[in-house]
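To be precise, the following lines are protein-v9.cif, and they hold mmCIF, C-alpha atoms and all ligand atoms.
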```cif
data_my_file
loop_
_atom_site.label_atom_id
_atom_site.label_comp_id
_atom_site.auth_asym_id
_atom_site.auth_seq_id
_atom_site.Cartn_x
_atom_site.Cartn_y
_atom_site.Cartn_z
CA MET A 786 70.41 85.98 73.89
CA LYS A 787 73.44 88.11 73.15
CA ILE A 788 76.66 86.74 74.61
CA ARG A 789 78.32 88.96 77.17
CA SER A 790 81.04 88.89 79.86
CA ILE A 791 80.44 87.69 83.41
CA LYS A 792 79.39 90.28 86.01
CA GLY A 793 82.47 91.76 87.67
CA PHE A 794 84.77 90.69 84.83
CA HIS A 795 86.01 93.18 82.28
CA ASP A 796 88.00 93.63 79.10
CA ILE A 797 90.99 95.92 78.90
CA LEU A 798 90.58 97.57 75.55
CA PRO A 799 93.26 98.78 73.11
CA GLU A 800 92.61 102.44 73.97
CA ASP A 801 93.62 101.76 77.58
CA ILE A 802 96.40 99.26 77.09
CA GLY A 803 99.14 101.89 76.66
CA ARG A 804 98.51 103.10 80.20
CA TRP A 805 98.40 99.51 81.51
CA HIS A 806 101.75 98.75 79.88
CA HIS A 807 103.24 101.96 81.26
CA ILE A 808 102.19 101.09 84.81
CA GLU A 809 103.07 97.39 84.60
CA GLU A 810 106.48 98.07 83.10
CA HIS A 811 107.25 100.59 85.83
CA ALA A 812 106.20 98.11 88.50
CA LYS A 813 108.30 95.30 87.02
CA ARG A 814 111.29 97.60 86.64
CA SER A 815 110.96 98.67 90.30
CA CYS A 816 110.96 95.02 91.39
CA GLU A 817 113.97 94.16 89.22
CA LEU A 818 115.81 97.23 90.53
CA TYR A 819 115.44 95.87 94.06
CA GLY A 820 116.63 92.39 93.14
CA TYR A 821 113.32 90.52 92.83
CA SER A 822 112.90 87.75 90.24
CA GLU A 823 109.59 87.06 88.58
CA ILE A 824 107.74 83.88 89.49
CA ARG A 825 104.73 82.60 87.56
CA ILE A 826 102.34 80.49 89.55
CA PRO A 827 99.09 78.78 88.47
CA VAL A 828 95.75 80.58 88.77
CA LEU A 829 94.27 77.40 90.21
CA GLU A 830 95.32 75.75 93.50
CA PHE A 831 93.89 73.20 95.90
CA THR A 832 91.41 75.06 98.11
CA GLU A 833 93.36 74.24 101.27
CA VAL A 834 96.29 76.38 100.08
CA PHE A 835 94.08 79.44 100.59
CA ALA A 836 92.00 78.19 103.49
CA ARG A 837 95.12 77.41 105.52
CA SER A 838 96.99 80.61 104.70
CA ILE A 839 94.44 83.39 104.35
CA GLY A 840 92.47 82.08 107.32
CA ALA A 841 89.19 80.19 107.42
CA ALA A 842 87.41 83.00 109.27
CA THR A 843 88.13 85.77 106.77
CA ASP A 844 85.72 87.34 104.28
CA ILE A 845 87.82 86.07 101.39
CA VAL A 846 87.63 82.41 102.40
CA GLU A 847 84.12 82.57 103.83
CA LYS A 848 82.37 84.39 101.01
CA GLU A 849 84.52 85.42 98.10
CA MET A 850 86.39 82.46 96.65
CA TYR A 851 85.56 80.79 93.35
CA THR A 852 85.68 77.22 94.57
CA PHE A 853 84.55 74.16 92.66
CA ALA A 854 85.06 70.42 92.50
CA ASP A 855 87.50 69.02 89.96
CA ARG A 856 86.44 65.99 87.93
CA ASP A 857 87.99 63.69 90.53
CA GLY A 858 86.12 65.48 93.31
CA SER A 859 89.07 67.42 94.79
CA SER A 860 88.28 70.99 95.78
CA LEU A 861 89.98 73.65 93.66
CA THR A 862 89.96 77.43 93.98
CA LEU A 863 90.80 80.24 91.57
CA ARG A 864 93.45 82.26 93.39
CA PRO A 865 91.94 85.21 95.31
CA GLU A 866 95.44 86.64 95.96
CA GLY A 867 99.04 85.81 95.11
CA THR A 868 100.93 85.26 98.35
CA ALA A 869 99.48 81.85 99.27
CA GLY A 870 100.44 80.35 95.89
CA VAL A 871 103.93 81.88 96.01
CA VAL A 872 104.48 80.45 99.49
CA ARG A 873 103.17 77.06 98.31
CA SER A 874 105.72 77.17 95.47
CA TYR A 875 108.52 78.34 97.79
CA VAL A 876 107.89 75.33 100.01
CA GLU A 877 107.21 72.81 97.24
CA ASN A 878 110.42 73.77 95.39
CA SER A 879 112.48 73.92 98.60
CA MET A 880 113.69 77.40 97.64
CA TYR A 881 115.02 77.84 101.19
CA THR A 882 117.79 75.35 100.36
CA LYS A 883 118.94 77.48 97.41
CA SER A 884 119.55 80.80 99.14
CA PRO A 885 118.95 82.16 102.64
CA GLN A 886 117.06 85.07 101.10
CA ILE A 887 114.70 84.81 98.14
CA LYS A 888 112.92 87.78 96.57
CA LEU A 889 110.05 87.10 94.18
CA TYR A 890 107.44 89.15 92.32
CA TYR A 891 104.40 88.12 90.35
CA THR A 892 101.69 89.64 88.20
CA GLY A 893 98.43 88.16 87.06
CA MET A 894 94.72 87.79 87.47
CA MET A 895 93.05 87.15 90.82
CA PHE A 896 89.41 86.20 91.48
CA ARG A 897 87.11 87.31 94.28
CA HIS A 898 83.33 87.15 94.32
CA GLU A 899 82.87 90.63 95.80
CA ARG A 900 80.23 93.26 95.12
CA PRO A 901 81.58 95.06 92.05
CA GLN A 902 82.37 98.75 92.71
CA LYS A 903 84.27 101.51 90.96
CA GLY A 904 87.65 100.02 90.08
CA ARG A 905 86.89 96.79 91.94
CA TYR A 906 86.22 93.71 89.87
CA ARG A 907 85.68 90.02 90.54
CA GLY A 908 88.40 89.19 88.05
CA PHE A 909 91.23 91.68 88.55
CA TYR A 910 94.95 92.07 88.03
CA GLN A 911 97.53 92.28 90.77
CA ILE A 912 101.24 92.84 91.04
CA GLY A 913 102.92 91.71 94.21
CA ALA A 914 106.31 90.91 95.71
CA GLU A 915 107.60 88.79 98.58
CA ILE A 916 110.90 88.58 100.49
CA PHE A 917 111.57 85.22 102.16
CA GLY A 918 114.22 84.62 104.80
CA SER A 919 114.72 88.04 106.34
CA GLU A 920 113.29 89.16 109.64
CA ALA A 921 115.26 92.41 109.52
CA PRO A 922 113.08 95.52 109.83
CA GLU A 923 115.22 97.01 107.04
CA SER A 924 113.61 94.50 104.66
CA ASP A 925 110.17 95.86 105.52
CA ALA A 926 111.44 99.39 104.92
CA GLU A 927 113.17 98.38 101.69
CA LEU A 928 109.96 96.83 100.33
CA ILE A 929 108.04 99.97 101.24
CA ALA A 930 110.74 102.12 99.61
CA MET A 931 110.37 100.13 96.41
CA ILE A 932 106.59 100.69 96.28
CA SER A 933 107.09 104.36 97.09
CA GLY A 934 109.61 104.62 94.25
CA PHE A 935 107.13 102.97 91.91
CA PHE A 936 104.40 105.53 92.71
CA ASP A 937 106.97 108.28 92.29
CA GLY A 938 108.01 106.89 88.90
CA ILE A 939 104.48 106.97 87.48
CA GLY A 940 103.76 110.43 88.83
CA LEU A 941 101.50 109.45 91.74
CA SER A 942 103.72 110.22 94.74
CA LYS A 943 101.53 113.20 95.69
CA SER A 944 98.35 111.14 95.36
CA VAL A 945 99.15 108.41 97.86
CA THR A 946 99.81 108.32 101.60
CA LEU A 947 101.73 105.59 103.37
CA GLU A 948 100.01 104.30 106.49
CA LEU A 949 101.85 102.05 108.87
CA SER A 950 101.13 99.85 111.87
CA SER A 951 102.18 96.67 113.64
CA LEU A 952 99.96 93.68 114.37
CA GLY A 953 102.33 92.09 116.87
CA ASP A 954 103.29 88.42 116.85
CA GLY A 955 102.60 85.09 118.52
CA GLU A 956 104.10 86.55 121.67
CA CYS A 957 101.82 89.55 122.17
CA ARG A 958 98.82 89.15 119.88
CA PRO A 959 96.96 86.37 121.76
CA ALA A 960 96.80 88.49 124.92
CA TYR A 961 95.65 91.44 122.87
CA LYS A 962 92.98 89.32 121.19
CA THR A 963 91.60 88.35 124.60
CA MET A 964 91.64 91.99 125.68
CA LEU A 965 89.78 92.91 122.50
CA MET A 966 87.24 90.14 122.97
CA ASP A 967 86.54 91.28 126.55
CA TYR A 968 86.00 94.81 125.30
CA PHE A 969 83.64 93.84 122.48
CA ILE A 970 81.64 91.39 124.63
CA GLY A 971 80.67 94.41 126.69
CA HIS A 972 79.21 95.96 123.53
CA LYS A 973 77.86 92.81 121.90
CA ASP A 974 74.31 94.11 121.34
CA GLU A 975 75.60 97.16 119.47
CA LEU A 976 77.65 95.11 116.97
CA CYS A 977 76.35 94.10 113.56
CA GLU A 978 75.40 90.47 112.90
CA ASP A 979 78.69 89.69 111.13
CA CYS A 980 80.71 91.14 113.99
CA GLN A 981 78.76 89.23 116.63
CA ARG A 982 79.91 86.13 114.82
CA ARG A 983 83.46 87.49 114.47
CA LEU A 984 83.53 87.93 118.24
CA ASP A 985 84.10 84.19 118.59
CA THR A 986 86.08 83.51 115.45
CA ASN A 987 88.23 86.58 114.82
CA PRO A 988 87.65 89.70 116.95
CA LEU A 989 90.42 91.58 115.10
CA ARG A 990 88.19 91.70 112.03
CA ILE A 991 85.63 93.78 113.92
CA LEU A 992 88.13 96.67 113.77
CA ASP A 993 87.85 96.41 109.99
CA CYS A 994 84.03 96.44 109.81
CA LYS A 995 82.51 99.17 107.66
CA GLN A 996 79.18 99.36 109.58
CA LYS A 997 78.68 102.72 111.31
CA GLY A 998 77.81 101.23 114.72
CA CYS A 999 80.85 98.95 114.69
CA ILE A 1000 83.18 101.81 113.66
CA GLU A 1001 81.87 103.83 116.61
CA ILE A 1002 82.48 101.02 119.13
CA SER A 1003 85.89 100.24 117.64
CA LYS A 1004 87.07 103.80 118.30
CA ASN A 1005 87.56 103.13 121.99
CA ALA A 1006 88.77 99.54 121.65
CA PRO A 1007 92.27 98.74 122.96
CA LYS A 1008 94.94 99.15 120.28
CA MET A 1009 97.50 96.56 119.23
CA LEU A 1010 100.17 99.28 119.00
CA ASP A 1011 99.76 100.02 122.73
CA ASN A 1012 100.12 96.34 123.58
CA LEU A 1013 103.15 95.16 121.60
CA CYS A 1014 105.81 93.07 123.34
CA ASP A 1015 109.36 94.47 123.58
CA ASP A 1016 110.63 92.64 120.48
CA CYS A 1017 107.73 93.84 118.36
CA THR A 1018 108.10 97.40 119.65
CA GLN A 1019 111.78 97.35 118.78
CA HIS A 1020 111.11 95.90 115.33
CA PHE A 1021 108.49 98.52 114.58
CA THR A 1022 110.78 101.31 115.78
CA ARG A 1023 113.54 100.12 113.44
CA VAL A 1024 111.11 100.04 110.48
CA LYS A 1025 110.17 103.65 111.18
CA GLU A 1026 113.81 104.72 111.67
CA SER A 1027 114.82 103.06 108.39
CA LEU A 1028 112.07 104.92 106.53
CA ASP A 1029 113.09 108.16 108.25
CA SER A 1030 116.70 107.67 107.18
CA ILE A 1031 115.73 107.69 103.48
CA GLY A 1032 113.11 110.40 103.80
CA ILE A 1033 109.98 108.34 103.16
CA PRO A 1034 107.02 109.94 104.93
CA TYR A 1035 104.36 107.83 106.67
CA GLU A 1036 101.45 108.10 109.03
CA ILE A 1037 100.83 105.72 111.90
CA ASN A 1038 97.38 104.16 111.59
CA PRO A 1039 96.69 101.67 114.40
CA LYS A 1040 93.44 100.67 112.67
CA ILE A 1041 95.08 98.77 109.81
CA VAL A 1042 93.95 95.17 110.18
CA ARG A 1043 94.21 93.76 106.64
CA GLY A 1044 91.70 91.18 105.50
CA LEU A 1045 94.03 88.22 105.92
CA ASP A 1046 95.00 86.28 109.01
CA TYR A 1047 98.62 85.61 108.18
CA TYR A 1048 100.08 89.03 108.91
CA THR A 1049 102.46 89.58 111.83
CA ARG A 1050 104.24 92.73 112.95
CA THR A 1051 104.53 95.35 110.17
CA VAL A 1052 101.42 96.09 108.10
CA PHE A 1053 101.08 98.99 105.71
CA GLU A 1054 98.77 100.52 103.14
CA PHE A 1055 99.29 103.12 100.46
CA THR A 1056 95.97 104.95 100.41
CA THR A 1057 94.44 107.66 98.26
CA ASP A 1058 91.45 109.96 98.73
CA GLN A 1059 91.18 110.61 94.99
CA LEU A 1060 88.99 107.57 94.28
CA GLY A 1061 86.09 108.48 96.51
CA ALA A 1062 86.46 107.34 100.11
CA GLN A 1063 89.95 106.83 101.54
CA ASN A 1064 91.07 103.64 99.90
CA ALA A 1065 94.10 101.41 99.72
CA VAL A 1066 95.81 101.09 96.33
CA ALA A 1067 98.70 98.93 97.60
CA ALA A 1068 99.04 97.01 100.83
CA GLY A 1069 101.12 94.42 102.56
CA GLY A 1070 103.02 93.38 105.60
CA ARG A 1071 105.07 90.78 107.37
CA TYR A 1072 103.90 87.16 107.64
CA ASP A 1073 106.52 85.30 109.64
CA GLY A 1074 104.36 82.24 110.33
CA LEU A 1075 102.96 81.42 106.92
CA VAL A 1076 105.79 79.37 105.37
CA LYS A 1077 105.71 77.03 108.36
CA GLU A 1078 101.92 76.91 108.25
CA LEU A 1079 102.14 75.61 104.68
CA GLY A 1080 104.64 72.91 105.56
CA GLY A 1081 107.99 74.66 105.15
CA PRO A 1082 110.65 75.49 107.73
CA GLU A 1083 110.28 78.49 110.01
CA THR A 1084 110.91 81.38 107.57
CA PRO A 1085 110.27 85.06 108.16
CA ALA A 1086 108.73 86.87 105.20
CA VAL A 1087 107.31 90.20 104.13
CA GLY A 1088 105.37 91.16 101.02
CA PHE A 1089 102.80 93.37 99.35
CA ALA A 1090 100.28 93.42 96.51
CA MET A 1091 98.48 96.07 94.52
CA GLY A 1092 95.44 95.93 92.27
CA ILE A 1093 96.27 97.36 88.88
CA GLU A 1094 92.72 98.47 87.96
CA ARG A 1095 92.58 100.92 90.84
CA ILE A 1096 96.03 102.29 90.07
CA VAL A 1097 95.02 102.73 86.43
CA LEU A 1098 91.91 104.60 87.61
CA LEU A 1099 93.95 106.88 89.87
CA HIS A 1100 96.58 107.39 87.20
CA LYS A 1101 93.89 108.43 84.70
CA GLU A 1102 92.54 110.88 87.25
CA VAL A 1103 95.95 112.49 87.79
CA ILE A 1104 97.38 112.24 84.24
CA PRO A 1105 94.37 112.04 81.89
CA GLU A 1106 96.16 111.91 78.53
CA GLY A 1107 99.24 110.74 76.76
CA PHE A 1108 99.39 106.95 77.01
CA GLU A 1109 97.66 105.91 73.82
CA LYS A 1110 99.74 103.65 71.60
CA LYS A 1111 100.44 105.61 68.45
CA THR A 1112 101.71 104.80 65.00
CA ASP A 1113 105.11 106.31 64.24
CA ILE A 1114 104.92 106.29 60.47
CA TYR A 1115 101.90 105.84 58.22
CA ILE A 1116 102.49 104.89 54.62
CA ALA A 1117 100.08 106.23 52.00
CA TYR A 1118 100.29 105.50 48.29
CA LEU A 1119 98.85 106.60 44.96
CA GLY A 1120 98.14 103.95 42.32
CA GLU A 1121 98.52 100.16 41.97
CA GLU A 1122 102.29 100.10 41.43
CA ALA A 1123 102.92 102.33 44.39
CA ARG A 1124 100.85 99.91 46.48
CA ASP A 1125 103.44 97.15 46.00
CA ALA A 1126 106.16 99.63 46.93
CA ALA A 1127 104.21 100.72 50.02
CA PHE A 1128 103.90 97.11 51.16
CA LYS A 1129 107.65 96.55 50.84
CA LEU A 1130 108.56 99.88 52.38
CA ALA A 1131 106.38 99.21 55.44
CA TYR A 1132 108.16 95.86 55.90
CA GLU A 1133 111.60 97.47 55.62
CA ILE A 1134 110.97 100.39 57.96
CA ARG A 1135 109.50 98.11 60.61
CA SER A 1136 112.82 96.32 60.81
CA SER A 1137 114.29 99.65 61.97
CA GLY A 1138 112.00 99.39 65.01
CA ALA A 1139 109.31 101.99 64.27
CA ARG A 1140 105.58 101.29 64.48
CA VAL A 1141 104.43 101.42 60.89
CA GLU A 1142 100.89 101.29 59.58
CA ALA A 1143 99.54 101.11 56.03
CA ASP A 1144 96.17 100.28 54.54
CA TYR A 1145 96.21 98.33 51.31
CA GLY A 1146 92.48 98.75 50.69
CA GLY A 1147 92.92 100.83 47.52
CA LYS A 1148 91.21 103.89 48.97
CA SER A 1149 91.82 107.44 47.75
CA LEU A 1150 94.85 109.35 49.00
CA LYS A 1151 92.48 111.65 50.85
CA SER A 1152 90.92 108.81 52.85
CA GLN A 1153 94.36 107.33 53.51
CA MET A 1154 95.49 110.68 54.93
CA LYS A 1155 92.40 110.70 57.16
CA ARG A 1156 93.34 107.29 58.51
CA ALA A 1157 96.92 108.42 59.00
CA ASP A 1158 95.66 111.33 61.07
CA LYS A 1159 93.41 109.08 63.15
CA SER A 1160 96.24 106.64 63.83
CA GLY A 1161 98.09 109.44 65.59
CA ALA A 1162 101.07 108.92 63.28
CA ARG A 1163 103.91 111.38 63.76
CA TYR A 1164 104.86 111.15 60.07
CA THR A 1165 103.20 110.01 56.88
CA VAL A 1166 105.18 108.81 53.89
CA ILE A 1167 103.51 109.40 50.53
CA ILE A 1168 104.51 107.27 47.54
CA GLY A 1169 103.32 108.01 44.01
CA GLU A 1170 104.58 107.30 40.51
CA GLU A 1171 107.22 110.04 40.72
CA GLU A 1172 108.54 108.69 43.97
CA LEU A 1173 108.75 105.18 42.53
CA LYS A 1174 111.04 106.40 39.80
CA SER A 1175 113.25 108.66 41.86
CA GLY A 1176 113.42 106.54 45.02
CA ILE A 1177 112.76 109.70 46.99
CA VAL A 1178 109.49 109.91 48.95
CA LYS A 1179 107.40 112.69 50.42
CA LEU A 1180 107.53 112.82 54.19
CA ARG A 1181 104.74 114.69 55.91
CA ASP A 1182 105.26 115.89 59.45
CA MET A 1183 101.77 115.49 60.88
CA GLU A 1184 102.40 117.70 63.90
CA GLU A 1185 103.81 120.63 61.99
CA SER A 1186 101.75 120.06 58.82
CA SER A 1187 104.86 120.42 56.69
CA GLU A 1188 106.25 118.26 53.90
CA HIS A 1189 109.69 117.56 52.53
CA GLU A 1190 111.38 114.90 50.43
CA VAL A 1191 113.62 112.19 51.86
CA GLY A 1192 115.72 109.34 50.47
CA MET A 1193 115.50 105.75 51.76
CA GLU A 1194 118.55 105.98 54.00
CA GLU A 1195 117.28 109.12 55.68
CA LEU A 1196 113.86 107.50 56.16
CA LYS A 1197 115.35 104.43 57.85
CA LYS A 1198 117.45 106.62 60.08
CA LEU A 1199 114.34 108.56 61.10
CA ALA A 1200 112.48 105.28 61.74
CA SER A 1201 115.18 103.99 64.05
CA GLU A 1202 115.09 107.27 65.97
CA LEU A 1203 111.31 106.95 66.40
CA LYS A 1204 111.71 103.42 67.73
CA SER A 1205 109.42 103.21 70.76
ZN ZN B 1301 80.31 95.01 112.16
ZN ZN B 1302 105.24 90.76 119.93
#
```
Here is the file; what I need is its structure written in the form of structure tokens.
Amino acid sequence: MKIRSIKGFHDILPEDIGRWHHIEEHAKRSCELYGYSEIRIPVLEFTEVFARSIGAATDIVEKEMYTFADRDGSSLTLRPEGTAGVVRSYVENSMYTKSPQIKLYYTGMMFRHERPQKGRYRGFYQIGAEIFGSEAPESDAELIAMISGFFDGIGLSKSVTLELSSLGDGECRPAYKTMLMDYFIGHKDELCEDCQRRLDTNPLRILDCKQKGCIEISKNAPKMLDNLCDDCTQHFTRVKESLDSIGIPYEINPKIVRGLDYYTRTVFEFTTDQLGAQNAVAAGGRYDGLVKELGGPETPAVGFAMGIERIVLLHKEVIPEGFEKKTDIYIAYLGEEARDAAFKLAYEIRSSGARVEADYGGKSLKSQMKRADKSGARYTVIIGEEELKSGIVKLRDMEESSEHEVGMEELKKLASELKS
């Protein structure tokens, strides 16, 4: 049998990596611009880190985690998302003693055993950020502004819509949950099997069900936004006012539930309709109870995450070309002696910072020029016997199909200008 990758796992190939780098670099720069520091956490945690934070009665924990026993029998899980591990690290390293406010971002692979779909994989990459220690609504707005700036920076601001809601807190959500349960009990027979079960464990999740019947019943269900306590109402109002003050548009969507239990108050999604059905490409919210839940002191927090595959897909849709990694200068040569010179020249020009390519396979000049063309090189340097003697080489401008002669100094200067 031929070896192959696991279902739902994929390679990111060289032809796509330029776009990936472009997007990842923009995201990292956005985080740095807003004062976040990168944190690198393990891909593997004790299962309870996720079970206790994401919530035992969520799809992720119930059905989607890659969980297995370690050699000593302890239960381990490949991280299905980043926040739980970051919070675990925040608590374990007592970061709260170092500064009243800590801002962290992370990137890396996450693992969820979902049904693979367009742009959704079982092994996928995420970038996310968290602010610990601020309950100010301005922090929510600032985080949202950063994500909005990121989409703007990669040319996707017109392709995404910001949707906003509030899930309330420990003060107002329990009463709302009861209200919701009473409502759904009256429609129990019309709910799907999963939702009948959710009725006892987590009625909020019914609002998130994708089954037609459940969507229909959910339409008339009581809304969290209509049942917020005064503090939550005020907090939500300030988030909206802060966004208004910097001109960031949003839509209120009371149906945002998020697939995780830990959210409180602000929740948001950046959605797009350019990838088929309306779909979130970035999402997050406030989770004021989670740090305490994982053994730390009471610490308000807000964060977000986005799956890179889906952003790459959207980005390709909007800007199809122009992110391939290209050679700056290709070095072609004629004859054995020139080959040695080509080898040395390639080494020297690279130290000026340009991407230089050469093929020492002893092929004809014609086939070398073909390769130069294929590499996307902006310029090709041609070295022959004449050039060896004079120290002046032929420089071919591949875009303009013109040629002229240059000395070594001029060539190095050009190379440092091409520096990508
Ligand atoms: Zn359902
Ligand atoms: Zn409240």
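Around ligand ZN 1302 (chain B), using all atoms listed in the file and a cut-off of 10 Å, the residues in contact are A:Ser951, A:Leu952, A:Gly953, A:Asp954, A:Gly955, A:Glu956, A:Cys957, A:Arg958, A:Pro959, A:Met1009, A:Leu1010, A:Asn1012, A:Leu1013, A:Cys1014, A:Asp1015, A:Asp1016, A:Cys1017, A:Thr1018, A:Gln1019, A:His1020, A:Phe1021, A:Thr1049, A:Arg1050.
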**OP:** Please give me, as a list in words, the residues lying within 6 Å of ligand ZN 1301 (chain B) when counting all atoms listed in the file.
**Re:**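 The distance check yields Leu976, Cys977, Asp979, Cys980, Ile991, Cys994, Gln996 and Cys999 of chain A.
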Original post:
Which residue out of A:Ile1000, A:Val1076, A:Leu1180, A:Ala926 has the minimum interatomic distance to Gly1032 in chain A when only C-alpha atoms are used?
Top reply: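 When distances to Gly1032 in chain A are compared using only C-alpha atoms, the smallest one comes from A:Ala926.
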Subject >> Å distance separating CA of Gly998 in chain A from CA of Glu899 in chain A, one decimal place >> reply: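 Here the two named atoms are 22.3 Å from each other.
For the pair CA of Glu830 in chain A and CA of Gly1088 in chain A, the interatomic distance is 19.9 Å.
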Subject >> A:Ile970, A:Leu863, A:Met1154, A:Ala1131 ranked by distance to Ile1002 in chain A, top pick (using only C-alpha atoms) >> reply: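 The closest residue to Ile1002 in chain A is A:Ile970.
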**OP:** Quick one: residues within 9 Å of (85.5, 87.5, 107.1) (file frame), counting only C-alpha atoms, please, as a list in words.
**Re:**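 Taken together, the residues in range are Gly840, Ala841, Ala842, Thr843, Asp844, Ile845, Val846, Glu847, Lys848, Asp979, Arg983, Asn987, Arg990, Gly1044 and Leu1045 of chain A.
Of the listed residues A:Glu1190, A:Glu1109, A:Glu1184, A:Glu866, the one whose atoms come nearest to Leu798 in chain A is A:Glu1109, with distances taken using only C-alpha atoms.
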**OP:** Compare A:Ser919, A:Lys1155, A:Tyr891, A:Ala1065 by their minimum atom-to-atom distance to Arg825 in chain A, counting all atoms listed in the file, and give me the closest one.
**Re:**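 Nearest candidate to Arg825 in chain A out of A:Ser919, A:Lys1155, A:Tyr891, A:Ala1065: A:Tyr891.
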